[in-house]
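**Q** Below is the structure I would like to discuss, written out as structure tokens.
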Amino acid sequence: MNHKPQDDWQSLDKDLKRISVLETASFISGRRLVAMGIALVFIVAAGIEAAVFFGFETKAAVVIAAAVFSAYLALNIGANDVSNNMGPAVGAGALPIGVAIAIAAICEAAGALIAGGDVVTTISRDLLEPTAAPTTEVFMWAMLSALIASALWVNIATWIGAPVSTTHAVVGGVLGAGIAGAGFAVVNWSAVLIIMASWVTSPIAGGLVAAIFLGLIRRTILDQDDKIAAARRWLPVYFAIMAGAFSAYLMTKGLSKVVDAPPTIRVALISGVLAALAFAVAKPIIRIKSVRLENRTKSIKRLFRMPLVIAAALLSFAHGANDVANAVGPLAAIVHSYTYGDISLNAEIPLWVMLIGALGISFGLMTFGPKLIRMVGSQITKLNPIRGFCVALSAAVTVIIASGFGLPVSSTHIAVGAVFGVGFFREWDQAQKQKRSTLQPRTAVEERRHRRLVRRSHFMTIIAAWMVTLPVTALFSAAAFLVLQAIG
């Protein structure tokens, strides 16, 4: 039997492919181990930080445990919730995922440290009557149980690839512990029903607003014969809307912790002035940038990239300012009760507690965030800078509109609903074009009719996760409370 040299080369190629696969697997496994190591070090550091302030006494164990689970929850919030802000920018190709994570981490931490400050507020004060807790010790157990339950559920949701509302998770944790400790009478059920209503109103509102903006952009720019001329005329208008919406959003939902929230009329006036300023600045810039662009949709997408990046950064800042309370609010309440011996749901958050929330969200985003960022940005529906801009703008506009009407909404549900909204709008728009077309072969029409631009499997998974978030965390929290009570 003759041995051919080419057989050696084929064997060598197979061996090299096996080695390449092993190297890739080792790299992925190593990266996961590094992420787990960073998370573990941060959690331990949070516990040590609490012990430094309160000592390694048995009585301080509940504070140390709360610091540990608060850090754990902050990591999971960063891994899960921040994907809604940066996912569209990454999925649209406006930012590489590494740059997006760096921008989001900085903006999240800045929002938490500069503008964060509320504690449990609506999460607890409107849901439970604090005087119903028989002792300060039981109240601290209840807050610790809420931290444990919400952290576990958000971790599970991240593992299955479902972006969920961390606010709803903490709400469920507080309810479960409150019911286990003081019975069903302690719950303000009207407030719970209002929160449950947001499961429906938030994604529908976000999807509708995003679809409306996408339809307007398509009609005013993309469907025009001279797209460049239309962009010069209409893009400054959309950028002005973005500037006005985000200024109002930050004044009411982010910067209200730095200064007193101004009255509605003042917010409207300031937002209007900033919108007019943005229009004046954007108009010459767009004219300059569009001089050598070709008259096609690809050129218009390029003009939307920078506004999308700015919108994503502003969303991350506002998210850090608002949702840091989900991670450290219960911890701050425990610290207050331990220090002063009374129950308060409006205690000030100490700086060391705020650092746990701010750094935890940033570390969680950097270590475990890419999975959910990719899912929101590219696996639900295909995004481009125009669609991503509509998603980001919808998040700000919907919150402002809902606040004006006094409606409770979830920023997570709005953002994800907006992603679904642009996808379903594209399906609807495609169907309308098919109806108007009389020149396409029947087979092509039938093929397009069965084409889906939104992945239904992700849709059902996310909706299911939203629906079970509150009851599951309530059950987890009740179980944790009963265990803590038995140990205590």
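Residue names in the structure tokens use chain letters A, B, ... in the order shown, residue numbers from 1 in each chain, and ligand numbers from 1 in the order shown.
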Could you build a table of the residues in segment 158-262 of chain A lying no more than 12 Å from segment 301-323 of chain A, giving for each the nearest pair of atoms and their separation in Å rounded to one decimal place, using only C-alpha atoms, ordered by chain and ascending residue number, as a Markdown table?
**A**
| residue | atom | partner | partner_atom | distance |
| --- | --- | --- | --- | --- |
| A:Ser165 | CA | A:Asp323 | CA | 9.9 |
| A:Thr166 | CA | A:Asp323 | CA | 7.9 |
| A:Thr167 | CA | A:Asp323 | CA | 7.4 |
| A:His168 | CA | A:Asp323 | CA | 11.2 |
| A:Ala169 | CA | A:Asp323 | CA | 11.8 |
| A:Val170 | CA | A:Asp323 | CA | 10.6 |
| A:Ile217 | CA | A:Phe304 | CA | 11.1 |
| A:Arg218 | CA | A:Lys301 | CA | 11.7 |
| A:Ile221 | CA | A:Lys301 | CA | 11.0 |
| A:Leu222 | CA | A:Lys301 | CA | 9.9 |
| A:Lys227 | CA | A:Lys301 | CA | 11.2 |
| A:Ile228 | CA | A:Leu303 | CA | 10.2 |
| A:Ala231 | CA | A:Leu303 | CA | 8.7 |
| A:Arg232 | CA | A:Leu303 | CA | 10.2 |
| A:Trp234 | CA | A:Leu303 | CA | 11.8 |
| A:Leu235 | CA | A:Leu303 | CA | 8.5 |
| A:Pro236 | CA | A:Pro307 | CA | 10.8 |
| A:Tyr238 | CA | A:Pro307 | CA | 9.8 |
| A:Phe239 | CA | A:Pro307 | CA | 7.3 |
| A:Ala240 | CA | A:Pro307 | CA | 10.6 |
| A:Ile241 | CA | A:Pro307 | CA | 11.3 |
| A:Met242 | CA | A:Ala311 | CA | 7.8 |
| A:Ala243 | CA | A:Ala311 | CA | 8.9 |
| A:Gly244 | CA | A:Ala311 | CA | 11.7 |
| A:Ala245 | CA | A:Ala311 | CA | 10.3 |
| A:Phe246 | CA | A:Leu314 | CA | 7.4 |
| A:Ser247 | CA | A:Leu314 | CA | 9.4 |
| A:Ala248 | CA | A:Ala318 | CA | 11.2 |
| A:Tyr249 | CA | A:Ala318 | CA | 8.0 |
| A:Leu250 | CA | A:Ala318 | CA | 6.2 |
| A:Met251 | CA | A:Ala318 | CA | 9.5 |
| A:Thr252 | CA | A:Ala318 | CA | 9.8 |
| A:Lys253 | CA | A:Ala318 | CA | 6.7 |
| A:Gly254 | CA | A:Ala318 | CA | 4.9 |
| A:Leu255 | CA | A:Ala321 | CA | 7.8 |
| A:Ser256 | CA | A:Ala321 | CA | 9.3 |
| A:Lys257 | CA | A:Ala321 | CA | 8.2 |
| A:Val258 | CA | A:Ala321 | CA | 10.1 |
**Q** At a cut-off of 10 Å, can you tabulate as JSON lines every residue of segment 298-397 of chain A near segment 49-58 of chain A together with its closest atom pair and the distance in Å to one decimal, using only C-alpha atoms and ordering rows by chain then number?
**A**
{"residue": "A:Val335", "atom": "CA", "partner": "A:Phe54", "partner_atom": "CA", "distance": 9.4}
{"residue": "A:Tyr338", "atom": "CA", "partner": "A:Phe54", "partner_atom": "CA", "distance": 9.4}
{"residue": "A:Thr339", "atom": "CA", "partner": "A:Phe54", "partner_atom": "CA", "distance": 9.1}
{"residue": "A:Trp352", "atom": "CA", "partner": "A:Glu49", "partner_atom": "CA", "distance": 7.9}
{"residue": "A:Val353", "atom": "CA", "partner": "A:Ala50", "partner_atom": "CA", "distance": 8.6}
{"residue": "A:Ile356", "atom": "CA", "partner": "A:Glu49", "partner_atom": "CA", "distance": 9.3}
**Q** Would you please give, as a VMD selection string, all residues of segment 254-358 of chain A that DSSP assigns to helix (DSSP H, G or I) based on the backbone?
**A** chain A and resid 255 to 257 264 to 289 297 to 303 305 to 340 351 to 358
**Q** Just want the 9 Å neighbourhood of segment 465-475 of chain A, counted on only C-alpha atoms, with same-chain residues fewer than 6 positions away dropped. Output as a list of chain:residue names.
**A**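 Using only C-alpha atoms, the neighbours found are A:Ala146, A:Ala149, A:Ser150, A:Ala151, A:Leu152, A:Trp153, A:Val154, A:Ala157, A:Ala162, A:Pro163, A:Val164, A:Ser165, A:Thr166, A:His168, A:Ala169, A:Val170, A:Val171, A:Gly172, A:Gly173, A:Val174, A:Leu175, A:Gly176, A:Ala177, A:Ile179, A:Met196, A:Trp199, A:His413.
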**Q** Go ahead and write the selection's residues with C-alpha atoms as a CSV table (one decimal), in the first residue's frame.
**A**
chain,number,residue,atom,x,y,z
A,146,ALA,CA,-36.4,40.4,49.2
A,149,ALA,CA,-35.2,36.4,46.1
A,150,SER,CA,-34.8,39.1,43.5
A,151,ALA,CA,-31.1,38.4,43.0
A,152,LEU,CA,-31.8,34.7,42.4
A,153,TRP,CA,-34.6,35.3,40.0
A,154,VAL,CA,-32.8,37.9,37.9
A,157,ALA,CA,-33.7,35.1,33.9
A,162,ALA,CA,-34.9,36.8,29.2
A,163,PRO,CA,-34.6,40.5,30.0
A,164,VAL,CA,-36.9,41.1,33.0
A,165,SER,CA,-37.9,44.1,35.2
A,166,THR,CA,-35.7,44.2,38.2
A,168,HIS,CA,-40.8,43.9,39.6
A,169,ALA,CA,-38.4,41.4,41.0
A,170,VAL,CA,-37.8,43.5,44.1
A,171,VAL,CA,-41.5,44.2,44.3
A,172,GLY,CA,-42.2,40.5,44.4
A,173,GLY,CA,-39.5,40.0,47.0
A,174,VAL,CA,-40.9,42.7,49.3
A,175,LEU,CA,-44.5,41.3,48.9
A,176,GLY,CA,-43.5,37.7,49.6
A,177,ALA,CA,-41.5,38.6,52.7
A,179,ILE,CA,-46.9,38.3,53.5
A,196,MET,CA,-49.4,44.3,37.2
A,199,TRP,CA,-47.0,44.3,32.3
A,413,HIS,CA,-40.7,46.3,29.2
**Q** Please identify all polymer residues within 8 Å of Gly47 of chain A, counting only C-alpha atoms, omitting same-chain residues fewer than 5 positions from it, and present them as a list in words.
**A**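 Listed by chain and then number, they are Ile64, Ala65, Ala67 and Val68 of chain A.
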**Q** Can you write just those residues out, N, CA and C atoms, as a compact mmCIF listing (two decimals), in the first residue's frame?
**A**
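out-v7.txt written:
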# COMPACT_ATOMS: atom_id res chain seq x y z
N ILE A 64 -24.20 42.37 57.11
CA ILE A 64 -23.16 41.81 56.23
C ILE A 64 -23.79 40.94 55.15
N ALA A 65 -24.76 40.11 55.55
CA ALA A 65 -25.45 39.26 54.57
C ALA A 65 -26.19 40.12 53.55
N ALA A 67 -25.39 43.13 52.56
CA ALA A 67 -24.39 43.71 51.67
C ALA A 67 -23.96 42.71 50.61
N VAL A 68 -23.79 41.45 51.02
CA VAL A 68 -23.39 40.40 50.08
C VAL A 68 -24.46 40.19 49.01
**Q** Distance atom CA of Val63 of chain A-atom CA of Met36 of chain A, one decimal place?
**A**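 Pair atom CA of Val63 of chain A / atom CA of Met36 of chain A returns 23.6 Å.
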**Q** Please indicate the distance in Å from atom CA of Gly369 of chain A to atom CA of Ile43 of chain A, rounded to one decimal place.
**A**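 Taking atom CA of Gly369 of chain A and atom CA of Ile43 of chain A, their separation equals 17.1 Å.
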**Q** In Å, rounded to a single decimal, give me how far atom CA of Ala431 of chain A is from atom CA of Val454 of chain A.
**A**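 These atoms are spaced 13.9 Å apart.
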**Q** Report as an MDAnalysis selection string all protein, DNA and RNA residues lying within 10 Å of Met354 of chain A, evaluated on only C-alpha atoms, omitting residues in the same chain fewer than 4 positions from it.
**A** chainID A and resid 109 112:113 116:117 324:325 327:329 331:332 349:350 358:360
**Q** Limited to N, CA and C atoms, could you put the picked residues into a file as a short mmCIF file (atom, residue, chain, number, x, y, z; two decimals), in the first residue's frame?
**A**
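Listing of result-v2.cif after writing:
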data_model
loop_
_atom_site.label_atom_id
_atom_site.label_comp_id
_atom_site.auth_asym_id
_atom_site.auth_seq_id
_atom_site.Cartn_x
_atom_site.Cartn_y
_atom_site.Cartn_z
N ALA A 109 -22.52 53.88 36.22
CA ALA A 109 -21.90 54.26 37.49
C ALA A 109 -22.08 55.75 37.76
N ALA A 112 -25.65 56.42 38.85
CA ALA A 112 -25.91 55.93 40.21
C ALA A 112 -25.28 56.84 41.26
N LEU A 113 -24.02 57.25 41.03
CA LEU A 113 -23.31 58.03 42.04
C LEU A 113 -23.71 59.51 42.04
N GLY A 116 -28.28 59.04 41.73
CA GLY A 116 -29.01 58.03 42.50
C GLY A 116 -29.20 58.48 43.93
N GLY A 117 -30.30 58.09 44.54
CA GLY A 117 -30.51 58.53 45.91
C GLY A 117 -31.77 58.01 46.55
N VAL A 324 -30.45 51.84 40.56
CA VAL A 324 -29.51 51.50 41.62
C VAL A 324 -30.26 51.27 42.93
N ALA A 325 -31.42 51.94 43.09
CA ALA A 325 -32.21 51.76 44.30
C ALA A 325 -32.73 50.33 44.42
N ALA A 327 -31.06 47.68 43.78
CA ALA A 327 -29.99 46.86 44.33
C ALA A 327 -29.68 47.21 45.78
N VAL A 328 -29.68 48.51 46.11
CA VAL A 328 -29.20 48.92 47.43
C VAL A 328 -30.30 49.49 48.32
N GLY A 329 -31.52 49.67 47.80
CA GLY A 329 -32.60 50.19 48.63
C GLY A 329 -32.89 49.35 49.86
N LEU A 331 -30.92 47.22 51.27
CA LEU A 331 -29.73 47.27 52.12
C LEU A 331 -29.70 48.57 52.94
N ALA A 332 -30.04 49.70 52.30
CA ALA A 332 -30.06 50.97 53.02
C ALA A 332 -31.10 50.95 54.13
N ILE A 349 -29.22 56.88 51.54
CA ILE A 349 -28.30 55.80 51.19
C ILE A 349 -26.87 56.26 51.46
N PRO A 350 -26.13 55.59 52.37
CA PRO A 350 -24.73 55.96 52.61
C PRO A 350 -23.89 55.76 51.35
N ALA A 358 -23.45 50.94 42.41
CA ALA A 358 -22.87 51.50 41.19
C ALA A 358 -21.83 50.58 40.59
N LEU A 359 -20.90 50.12 41.42
CA LEU A 359 -19.84 49.23 40.91
C LEU A 359 -20.39 47.86 40.53
N GLY A 360 -21.36 47.38 41.30
CA GLY A 360 -21.94 46.07 40.99
C GLY A 360 -22.63 46.06 39.64
#
**Q** Excluding Val99 of chain A and any residue of its chain fewer than 3 positions from it, enumerate the residues within 12 Å of it, using only C-alpha atoms, and give them as a list in words.
**A**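 Contacts, in chain order: Met86, Ala89, Val90, Gly93, Ala94, Leu95, Pro96, Ala102, Ile103, Ala104, Ala105, Ile106, Val309, Ala312, Ala313, Met366 and Pro370 of chain A.
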**Q** Skipping near chain neighbours, those fewer than 4 positions away, what residues fall within 8 Å of Gly423 of chain A using only C-alpha atoms, listed as a list of chain:residue names?
**A**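 My list of contacting residues is A:Thr381, A:Lys382, A:Val419, A:Glu427, A:Leu453, A:Val454.
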**Q** Smallest atom-to-atom distance to Leu293 of chain A: which of A:Asp226, A:Glu108, A:Asp429, A:Asp342, using only C-alpha atoms?
**A** A:Asp226
**Q** Go through A:Met375, A:Ala392, A:Leu73, A:Ile114 one by one, measure the shortest atom-to-atom distance of each to Leu147 of chain A using only C-alpha atoms, and give the residue with the smallest value.
**A**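 Under the stated criterion, the closest residue is A:Leu73.
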